[in-house]
Amino acid sequence: MSVKEKETKLSDSENDGALSKKERAALEKKARQDAKEAELRKKTEIREAAEKLKAQKFAEEKKAGKHKTLAEITDGKDDYEQDFKVPEGTVVYCENLVKLYKIGDIEVMALQGLDLSVQDGEMVAIIGNSGSGKSTLMNIIGGLDRPTAGRIYVNGINLLKLDDNQMLQYMRETVGFVWQNTARNMIPYLNALDNVKLVMQMAGRLDSNRANELLEIVGLGHRKKSKMHELSGGEQQRVAIAIGLANKPKILLADEPTGAVDTKTTAQIMSVFHRLNTEMGVTVIIVTHDRQLSHMVPRVVTISDGRIGTEFIRREEIDVNSDDMMNATAGHDTGSHIEYGFIDGRRRLFIPENYLSQAGLHEKSKVGIEVKDGRLELFKPEDDVK
Ligand SMILES: Nc1ncnc2c1ncn2[C@@H]1O[C@H](COP(=O)(O)OP(=O)(O)OP(=O)(O)O)[C@@H](O)[C@H]1O
Ligand SMILES: [Mg+2]
């Protein structure tokens with residue numbers, strides 16, 4: 001029934017009193033919902049039409065030899081930085097990344113010379129407080145934002161050299177995203193399956209079998225026809241993971257994927273990431289402020305003030321069976337990882353606050369430094385009065 005028909009029915013009912021108050025309220029609610037969905041559909045159509053126009057323009061320009069494809073760039077045809085080679089096996093390479101935001105006269109240094117390498121097939125969590133630069137880093141790795149300075153290569157591609165169209169292609173082919181905000185992951189009036197298919201369609205590679213298979217992999221084979229509001233927060237995040245994987249990305253980037261769910265659901269979502277990583281070989285990078293997640297990830301890197309702090313490497317393999325993951329979330333495991341410091345490209349070493357205080361040291365002060373039997377020692381100098 002169209003909105004107009006409903007309105008007619010509503011006004012008829014006022015006359016003959018055929019509808020009860022409850023029925024009338026339900027009809028009005030449905031009419032409002034339909035109008036909202038129609039509006040959303042229209043917006044998406046406009047967006048899709050704009051995408052299509054952009055793609056046509058790109059195809060024409062490409063024909064005229066204006067754009068190189070990503071394959072051409074990674075084929076060694078990129079003439080930039082001939083002398084630089086990304087270390088073997090490194091899929092994400094960030095060197096001295098700087099990101100400066102300007103709001104009026106105020107400047108914010110979100111990344112302050114960040115160095116990070118992620119190996120092909122790794123699962124890494126980047127953990128840091130609010131404002132430490134996590135989303136900024138993810139947006140740069142994902143091609144949504146560009147750094148102010150530094151080097152960034154992903155899958156052998158120099159992101160600084162990509163034009164807007166190549167960047168779009170990069171975003172569709174090389175990386176997949178999972179956001180904390182589910183409204184950003186899913187179109188609400190499409191069901192789970194259609195959401196996965198839409199991403200494939202937009203990249204011009206619809207594969208219905210794969211779309212179905214992805215929802216099975218994230219454990220939602222039985223909820224393919226459900227829309228966003230019919231799914232729980234955790235289920236929505238699992239659909240988001242399937243969407244993120246739609247175009248077979250090399251790397252899956254997740255920004256606070258468990259930020260809005262409870263502990264049990266967190267363990268389920270992390271378990272899905274593990275399976276994708278170990279069974280499908282997808283490199284997974286998760287950023288979060290939730291330190292509990294560190295127990296569930298083999299490699300944890302801390303970020304602080306836009307720089308890498310220390311790093312924790314898991315001693316033994318993580319058992320992905322969910323009981324184990326649940327225990328991990330409960331925060332037992334203290335000796336599971338080995339902690340490493342990290343000397344960045346400018347020879348700076350981050351020292352966590354607890355180490356400083358244990359050694360009687362403090363920020364912005366002189367520190368004694370000695371090498372003894374091959375070990376570097378930092379200590380409070382005798383003349384330090386504080
Ligand atoms: N578009 C922007 N314009 C101006 N400043 C920004 C912008 N985006 C981020 N910032 C600033 O950069 C710094 C890092 O922000 P970022 O969003 O990367 O932090 P985060 O670690 O993701 O934090 P959260 O855990 O709260 O999501 C913050 O000081 C933030 O205010
Ligand atoms: Mg953030």
# chains A, B, ... in the order shown; residues from 1 in each chain; ligands from 1
call {"tool": "select_by_dssp", "arguments": {"residues": "stretch 58-147 of chain A", "states": "alpha helix (DSSP H)", "output": "list in words"}}
result
Phe58, Ala59, Glu60, Glu61, Lys62, Lys63, Leu70, Ala71, Glu72, Lys134, Ser135, Thr136, Leu137, Met138, Asn139, Ile140 and Ile141 of chain A
call {"tool": "residues_around", "arguments": {"residues": "A:Ile127", "least_positions_apart": "2", "cutoff": "12 Å", "atoms": "only C-alpha atoms", "output": "PDB file with C-alpha atoms, in the first residue's frame"}}
result
ATOM      1  CA  VAL A 124      47.498  -6.768  14.982  1.00  0.00           C
ATOM      2  CA  ALA A 125      45.683  -4.647  17.525  1.00  0.00           C
ATOM      3  CA  ASN A 129      43.628   6.251  24.575  1.00  0.00           C
ATOM      4  CA  SER A 130      41.045   8.511  23.018  1.00  0.00           C
ATOM      5  CA  GLY A 131      42.737  11.112  20.824  1.00  0.00           C
ATOM      6  CA  SER A 132      45.969   9.116  20.451  1.00  0.00           C
ATOM      7  CA  GLY A 133      45.605   9.025  16.649  1.00  0.00           C
ATOM      8  CA  LYS A 134      44.092   5.556  16.054  1.00  0.00           C
ATOM      9  CA  SER A 135      41.332   6.573  13.644  1.00  0.00           C
ATOM     10  CA  LEU A 137      46.074   6.159  11.232  1.00  0.00           C
ATOM     11  CA  ASP A 255      38.033   0.789  14.010  1.00  0.00           C
ATOM     12  CA  GLU A 256      36.672  -0.034  17.483  1.00  0.00           C
ATOM     13  CA  ILE A 285      44.342  -4.547  11.862  1.00  0.00           C
ATOM     14  CA  ILE A 286      42.097  -3.545  14.743  1.00  0.00           C
ATOM     15  CA  VAL A 287      42.289  -0.240  16.590  1.00  0.00           C
ATOM     16  CA  THR A 288      40.701   0.108  19.977  1.00  0.00           C
ATOM     17  CA  HIS A 289      40.973   1.820  23.343  1.00  0.00           C
ATOM     18  CA  ASP A 290      39.883  -1.448  25.020  1.00  0.00           C
ATOM     19  CA  ARG A 291      42.959  -2.939  26.643  1.00  0.00           C
ATOM     20  CA  GLN A 292      41.140  -6.213  27.314  1.00  0.00           C
ATOM     21  CA  LEU A 293      41.321  -6.978  23.603  1.00  0.00           C
ATOM     22  CA  SER A 294      45.086  -7.264  23.851  1.00  0.00           C
ATOM     23  CA  HIS A 295      44.672 -10.712  25.405  1.00  0.00           C
ATOM     24  CA  VAL A 297      45.408 -10.752  19.630  1.00  0.00           C
ATOM     25  CA  ARG A 299      50.516  -8.809  18.365  1.00  0.00           C
ATOM     26  CA  VAL A 300      49.568  -5.623  20.171  1.00  0.00           C
ATOM     27  CA  VAL A 301      51.079  -2.254  19.436  1.00  0.00           C
ATOM     28  CA  THR A 302      50.367   0.712  21.667  1.00  0.00           C
ATOM     29  CA  ILE A 303      49.877   4.188  20.265  1.00  0.00           C
ATOM     30  CA  SER A 304      50.331   7.339  22.268  1.00  0.00           C
ATOM     31  CA  ASP A 305      50.316  10.970  21.084  1.00  0.00           C
ATOM     32  CA  GLY A 306      50.428   9.881  17.471  1.00  0.00           C
ATOM     33  CA  ARG A 307      53.452   7.601  17.862  1.00  0.00           C
ATOM     34  CA  ILE A 308      54.034   3.921  18.453  1.00  0.00           C
ATOM     35  CA  GLY A 309      54.796   3.143  22.094  1.00  0.00           C
ATOM     36  CA  THR A 310      55.581  -0.413  23.117  1.00  0.00           C
ATOM     37  CA  GLU A 311      54.694  -3.703  21.549  1.00  0.00           C
ATOM     38  CA  PHE A 312      53.424  -7.005  22.997  1.00  0.00           C
TER      39      PHE A 312
END
call {"tool": "closest_residue", "arguments": {"among": "A:Gly259, A:Gly113, A:Pro249, A:Gly121", "to": "ligand 1", "atoms": "only C-alpha atoms and all ligand atoms"}}
result
A:Gly259
call {"tool": "closest_residue", "arguments": {"among": "A:Ala38, A:Asn212, A:Arg32, A:Lys161", "to": "A:Pro188", "atoms": "only C-alpha atoms"}}
result
A:Ala38
call {"tool": "atom_distance", "arguments": {"atom1": "atom CA of A:Lys197", "atom2": "atom CA of A:Ala211"}}
result
6.1 Å
call {"tool": "closest_residue", "arguments": {"among": "A:Asn181, A:Ser336, A:Ser232, A:Thr174", "to": "ligand 1", "atoms": "only C-alpha atoms and all ligand atoms"}}
result
A:Asn181
call {"tool": "closest_residue", "arguments": {"among": "A:Lys85, A:Lys54, A:Arg172, A:Lys29", "to": "A:Leu245", "atoms": "only C-alpha atoms"}}
result
A:Arg172
call {"tool": "closest_residue", "arguments": {"among": "A:Ala192, A:Leu215, A:Ala254, A:Met202", "to": "A:Gln180", "atoms": "only C-alpha atoms"}}
result
A:Ala254
call {"tool": "select_by_dssp", "arguments": {"residues": "stretch 161-264 of chain A", "states": "strand (DSSP E)", "output": "PyMOL selection string"}}
result
chain A and resi 175-178+251-255
call {"tool": "atom_distance", "arguments": {"atom1": "atom 25 (O, counted along the ligand's line) of ligand 1", "atom2": "atom CA of A:Asn158"}}
result
26.9 Å
call {"tool": "residues_around", "arguments": {"residues": "A:Ala240", "least_positions_apart": "3", "cutoff": "8 Å", "atoms": "only C-alpha atoms", "output": "mmCIF file with N, CA and C atoms, in the first residue's frame"}}
result
data_model
loop_
_atom_site.group_PDB
_atom_site.id
_atom_site.type_symbol
_atom_site.label_atom_id
_atom_site.label_comp_id
_atom_site.auth_asym_id
_atom_site.auth_seq_id
_atom_site.Cartn_x
_atom_site.Cartn_y
_atom_site.Cartn_z
ATOM 1 N N VAL A 178 35.666 -2.100 8.769
ATOM 2 C CA VAL A 178 34.584 -2.369 9.723
ATOM 3 C C VAL A 178 34.601 -1.200 10.704
ATOM 4 N N TRP A 179 33.484 -0.487 10.778
ATOM 5 C CA TRP A 179 33.419 0.672 11.661
ATOM 6 C C TRP A 179 32.676 0.321 12.940
ATOM 7 N N THR A 182 27.505 1.162 13.333
ATOM 8 C CA THR A 182 26.965 0.215 12.351
ATOM 9 C C THR A 182 26.250 0.925 11.209
ATOM 10 N N ASN A 185 28.344 1.059 8.386
ATOM 11 C CA ASN A 185 28.653 -0.206 7.722
ATOM 12 C C ASN A 185 27.531 -0.679 6.811
ATOM 13 N N MET A 186 26.278 -0.462 7.239
ATOM 14 C CA MET A 186 25.129 -1.073 6.557
ATOM 15 C C MET A 186 24.131 -0.035 6.081
ATOM 16 N N GLN A 236 25.072 -7.201 13.886
ATOM 17 C CA GLN A 236 25.318 -6.120 12.923
ATOM 18 C C GLN A 236 26.816 -6.010 12.621
ATOM 19 N N GLN A 237 27.629 -6.169 13.668
ATOM 20 C CA GLN A 237 29.073 -6.083 13.456
ATOM 21 C C GLN A 237 29.572 -7.248 12.615
ATOM 22 N N ILE A 243 30.606 -7.556 4.974
ATOM 23 C CA ILE A 243 30.626 -6.457 3.992
ATOM 24 C C ILE A 243 32.069 -6.031 3.726
ATOM 25 N N GLY A 244 32.826 -5.925 4.802
ATOM 26 C CA GLY A 244 34.233 -5.523 4.676
ATOM 27 C C GLY A 244 35.034 -6.484 3.815
#
call {"tool": "closest_residue", "arguments": {"among": "A:His222, A:Gln169, A:Lys36, A:Ile251", "to": "A:Ile141", "atoms": "only C-alpha atoms"}}
result
A:Ile251
call {"tool": "atom_distance", "arguments": {"atom1": "atom 16 (P, counted along the ligand's line) of ligand 1", "atom2": "atom CA of A:Ala110"}}
result
6.6 Å
call {"tool": "residues_around", "arguments": {"residues": "A:Ala359", "least_positions_apart": "6", "cutoff": "9 Å", "atoms": "only C-alpha atoms", "output": "PyMOL selection string"}}
result
chain A and resi 378-380
